[in-house]
Amino acid sequence: MFSIFRKSSKDGQFRKNLFDFLAEMEKNLEFFYVMDQRQFITAGFLTDTWDTVKDLDIIKRNESIVLYAKATKNFNQALKEYKDYELWYTADVKHKSPENARKLHALKHVLDLKLREMEAVIIPAGQDLEREMLKLGLLKA
């Protein structure tokens, strides 16, 4: 009898994790549009739910979703590198050399390029996740 409750609880957590991941993707797409429209990077992308879904079969078999996770983490890492270097650069007048300014500009350029790529990564991943959730009966067409 308790195995029925355990199975039901696991199914409920499975559903919750997938819906949380989909909501996070939608929020990241919204973040992308805001940053793209403003031409100003305000923050990194959300990656909180990835660890809860990364080992699920429906996630693993969709390369676009795995690519999405890698791209968001890669973007966030590039943002961190840029922000850390910018903080170091502005912290002391001695750091403000033409060479360091070029490096800061190069880091910003790389970050801008990564941002431009994100729409083409987020949308297919979200579509694939929705397709998988439709197949499972979690979403209705």
# chains A, B, ... in the order shown; residues from 1 in each chain; ligands from 1
$ residues_around --residues "stretch 33-45 of chain A" --least-positions-apart "4" --cutoff "8 Å" --atoms "only C-alpha atoms" --output "list in words"
Asn28, Leu29, Thr72, Lys73, Phe75, Asn76, Leu79, Leu115 and Arg116 of chain A
$ closest_residue --among "A:Val66, A:Ala106, A:Leu138, A:Ala71" --to "A:Phe14" --atoms "only C-alpha atoms"
A:Leu138
$ select_by_dssp --residues "chain A" --states "helix (DSSP H, G or I)" --output "number ranges by chain"
A: 2-38, 50-53, 57-60, 63-91, 93-95, 98-135
$ decode --residues "stretch 17-128 of chain A" --atoms "C-alpha atoms" --output "PDB file, in the first residue's frame"
ATOM      1  CA  ASN A  17      10.411  19.487 -11.619  1.00  0.00           C
ATOM      2  CA  LEU A  18       9.469  19.529 -15.305  1.00  0.00           C
ATOM      3  CA  PHE A  19       7.024  22.397 -14.863  1.00  0.00           C
ATOM      4  CA  ASP A  20       9.580  24.346 -12.803  1.00  0.00           C
ATOM      5  CA  PHE A  21      12.193  23.798 -15.513  1.00  0.00           C
ATOM      6  CA  LEU A  22       9.796  24.930 -18.241  1.00  0.00           C
ATOM      7  CA  ALA A  23       8.877  28.032 -16.226  1.00  0.00           C
ATOM      8  CA  GLU A  24      12.567  28.804 -15.772  1.00  0.00           C
ATOM      9  CA  MET A  25      13.107  28.507 -19.535  1.00  0.00           C
ATOM     10  CA  GLU A  26      10.239  30.909 -20.173  1.00  0.00           C
ATOM     11  CA  LYS A  27      11.665  33.357 -17.656  1.00  0.00           C
ATOM     12  CA  ASN A  28      15.094  33.106 -19.310  1.00  0.00           C
ATOM     13  CA  LEU A  29      13.536  33.853 -22.698  1.00  0.00           C
ATOM     14  CA  GLU A  30      11.909  36.917 -21.162  1.00  0.00           C
ATOM     15  CA  PHE A  31      15.280  37.962 -19.671  1.00  0.00           C
ATOM     16  CA  PHE A  32      16.836  37.550 -23.100  1.00  0.00           C
ATOM     17  CA  TYR A  33      14.237  39.786 -24.756  1.00  0.00           C
ATOM     18  CA  VAL A  34      14.658  42.503 -22.135  1.00  0.00           C
ATOM     19  CA  MET A  35      18.453  42.459 -22.407  1.00  0.00           C
ATOM     20  CA  ASP A  36      18.332  42.324 -26.207  1.00  0.00           C
ATOM     21  CA  GLN A  37      15.867  45.204 -26.438  1.00  0.00           C
ATOM     22  CA  ARG A  38      17.782  47.364 -23.964  1.00  0.00           C
ATOM     23  CA  GLN A  39      21.172  46.372 -25.403  1.00  0.00           C
ATOM     24  CA  PHE A  40      22.270  46.087 -21.790  1.00  0.00           C
ATOM     25  CA  ILE A  41      23.059  42.898 -19.894  1.00  0.00           C
ATOM     26  CA  THR A  42      21.406  43.142 -16.516  1.00  0.00           C
ATOM     27  CA  ALA A  43      22.004  39.675 -15.038  1.00  0.00           C
ATOM     28  CA  GLY A  44      22.733  36.074 -15.816  1.00  0.00           C
ATOM     29  CA  PHE A  45      20.232  33.413 -16.763  1.00  0.00           C
ATOM     30  CA  LEU A  46      18.470  31.201 -14.235  1.00  0.00           C
ATOM     31  CA  THR A  47      19.901  27.690 -13.862  1.00  0.00           C
ATOM     32  CA  ASP A  48      18.432  26.665 -10.502  1.00  0.00           C
ATOM     33  CA  THR A  49      16.286  23.768 -11.704  1.00  0.00           C
ATOM     34  CA  TRP A  50      18.831  22.142 -14.018  1.00  0.00           C
ATOM     35  CA  ASP A  51      20.272  19.904 -11.300  1.00  0.00           C
ATOM     36  CA  THR A  52      16.821  18.488 -10.540  1.00  0.00           C
ATOM     37  CA  VAL A  53      16.066  17.494 -14.155  1.00  0.00           C
ATOM     38  CA  LYS A  54      19.428  16.843 -15.808  1.00  0.00           C
ATOM     39  CA  ASP A  55      19.354  13.076 -15.181  1.00  0.00           C
ATOM     40  CA  LEU A  56      15.835  12.499 -16.519  1.00  0.00           C
ATOM     41  CA  ASP A  57      15.616  10.447 -19.715  1.00  0.00           C
ATOM     42  CA  ILE A  58      13.385  12.969 -21.488  1.00  0.00           C
ATOM     43  CA  ILE A  59      16.023  15.614 -20.861  1.00  0.00           C
ATOM     44  CA  LYS A  60      19.022  13.500 -21.845  1.00  0.00           C
ATOM     45  CA  ARG A  61      17.536  12.414 -25.181  1.00  0.00           C
ATOM     46  CA  ASN A  62      16.925  16.000 -26.303  1.00  0.00           C
ATOM     47  CA  GLU A  63      20.203  17.527 -27.360  1.00  0.00           C
ATOM     48  CA  SER A  64      18.639  20.982 -27.621  1.00  0.00           C
ATOM     49  CA  ILE A  65      17.796  20.941 -23.909  1.00  0.00           C
ATOM     50  CA  VAL A  66      21.300  19.825 -22.932  1.00  0.00           C
ATOM     51  CA  LEU A  67      22.721  22.531 -25.222  1.00  0.00           C
ATOM     52  CA  TYR A  68      20.438  25.077 -23.536  1.00  0.00           C
ATOM     53  CA  ALA A  69      21.793  24.170 -20.108  1.00  0.00           C
ATOM     54  CA  LYS A  70      25.388  24.388 -21.316  1.00  0.00           C
ATOM     55  CA  ALA A  71      24.734  27.725 -23.019  1.00  0.00           C
ATOM     56  CA  THR A  72      23.120  29.310 -19.954  1.00  0.00           C
ATOM     57  CA  LYS A  73      25.947  28.141 -17.697  1.00  0.00           C
ATOM     58  CA  ASN A  74      28.521  29.277 -20.264  1.00  0.00           C
ATOM     59  CA  PHE A  75      26.861  32.697 -20.498  1.00  0.00           C
ATOM     60  CA  ASN A  76      26.723  33.034 -16.724  1.00  0.00           C
ATOM     61  CA  GLN A  77      30.406  32.114 -16.454  1.00  0.00           C
ATOM     62  CA  ALA A  78      31.340  34.704 -19.096  1.00  0.00           C
ATOM     63  CA  LEU A  79      29.261  37.306 -17.249  1.00  0.00           C
ATOM     64  CA  LYS A  80      31.023  36.490 -13.992  1.00  0.00           C
ATOM     65  CA  GLU A  81      34.446  36.782 -15.654  1.00  0.00           C
ATOM     66  CA  TYR A  82      33.479  40.125 -17.171  1.00  0.00           C
ATOM     67  CA  LYS A  83      32.045  41.511 -13.914  1.00  0.00           C
ATOM     68  CA  ASP A  84      35.053  40.325 -11.892  1.00  0.00           C
ATOM     69  CA  TYR A  85      37.494  41.877 -14.349  1.00  0.00           C
ATOM     70  CA  GLU A  86      35.456  45.079 -14.529  1.00  0.00           C
ATOM     71  CA  LEU A  87      35.494  45.307 -10.734  1.00  0.00           C
ATOM     72  CA  TRP A  88      39.260  44.760 -10.672  1.00  0.00           C
ATOM     73  CA  TYR A  89      39.760  47.277 -13.502  1.00  0.00           C
ATOM     74  CA  THR A  90      37.762  50.034 -11.802  1.00  0.00           C
ATOM     75  CA  ALA A  91      39.109  49.357  -8.302  1.00  0.00           C
ATOM     76  CA  ASP A  92      42.459  51.050  -8.850  1.00  0.00           C
ATOM     77  CA  VAL A  93      43.719  53.746 -11.191  1.00  0.00           C
ATOM     78  CA  LYS A  94      46.874  51.666 -11.730  1.00  0.00           C
ATOM     79  CA  HIS A  95      44.760  48.984 -13.421  1.00  0.00           C
ATOM     80  CA  LYS A  96      43.421  51.406 -16.037  1.00  0.00           C
ATOM     81  CA  SER A  97      45.914  50.810 -18.808  1.00  0.00           C
ATOM     82  CA  PRO A  98      45.130  50.606 -22.537  1.00  0.00           C
ATOM     83  CA  GLU A  99      45.933  46.892 -22.487  1.00  0.00           C
ATOM     84  CA  ASN A 100      43.549  46.213 -19.594  1.00  0.00           C
ATOM     85  CA  ALA A 101      40.886  48.361 -21.256  1.00  0.00           C
ATOM     86  CA  ARG A 102      41.197  46.266 -24.429  1.00  0.00           C
ATOM     87  CA  LYS A 103      40.845  43.086 -22.396  1.00  0.00           C
ATOM     88  CA  LEU A 104      37.737  44.439 -20.656  1.00  0.00           C
ATOM     89  CA  HIS A 105      36.275  45.429 -24.018  1.00  0.00           C
ATOM     90  CA  ALA A 106      37.072  41.972 -25.445  1.00  0.00           C
ATOM     91  CA  LEU A 107      35.327  40.274 -22.504  1.00  0.00           C
ATOM     92  CA  LYS A 108      32.276  42.485 -23.075  1.00  0.00           C
ATOM     93  CA  HIS A 109      32.301  41.690 -26.785  1.00  0.00           C
ATOM     94  CA  VAL A 110      32.362  37.936 -26.075  1.00  0.00           C
ATOM     95  CA  LEU A 111      29.484  38.366 -23.635  1.00  0.00           C
ATOM     96  CA  ASP A 112      27.443  40.286 -26.222  1.00  0.00           C
ATOM     97  CA  LEU A 113      28.056  37.536 -28.787  1.00  0.00           C
ATOM     98  CA  LYS A 114      26.930  34.867 -26.326  1.00  0.00           C
ATOM     99  CA  LEU A 115      23.773  36.856 -25.603  1.00  0.00           C
ATOM    100  CA  ARG A 116      22.900  37.063 -29.301  1.00  0.00           C
ATOM    101  CA  GLU A 117      23.084  33.272 -29.539  1.00  0.00           C
ATOM    102  CA  MET A 118      20.745  32.627 -26.626  1.00  0.00           C
ATOM    103  CA  GLU A 119      17.412  33.084 -28.413  1.00  0.00           C
ATOM    104  CA  ALA A 120      18.357  30.372 -30.917  1.00  0.00           C
ATOM    105  CA  VAL A 121      19.147  28.073 -27.989  1.00  0.00           C
ATOM    106  CA  ILE A 122      16.267  28.799 -25.604  1.00  0.00           C
ATOM    107  CA  ILE A 123      13.369  28.543 -28.063  1.00  0.00           C
ATOM    108  CA  PRO A 124      14.152  25.081 -29.523  1.00  0.00           C
ATOM    109  CA  ALA A 125      14.887  23.704 -26.059  1.00  0.00           C
ATOM    110  CA  GLY A 126      11.569  25.008 -24.750  1.00  0.00           C
ATOM    111  CA  GLN A 127       9.726  23.595 -27.739  1.00  0.00           C
ATOM    112  CA  ASP A 128      11.337  20.186 -27.262  1.00  0.00           C
TER     113      ASP A 128
END
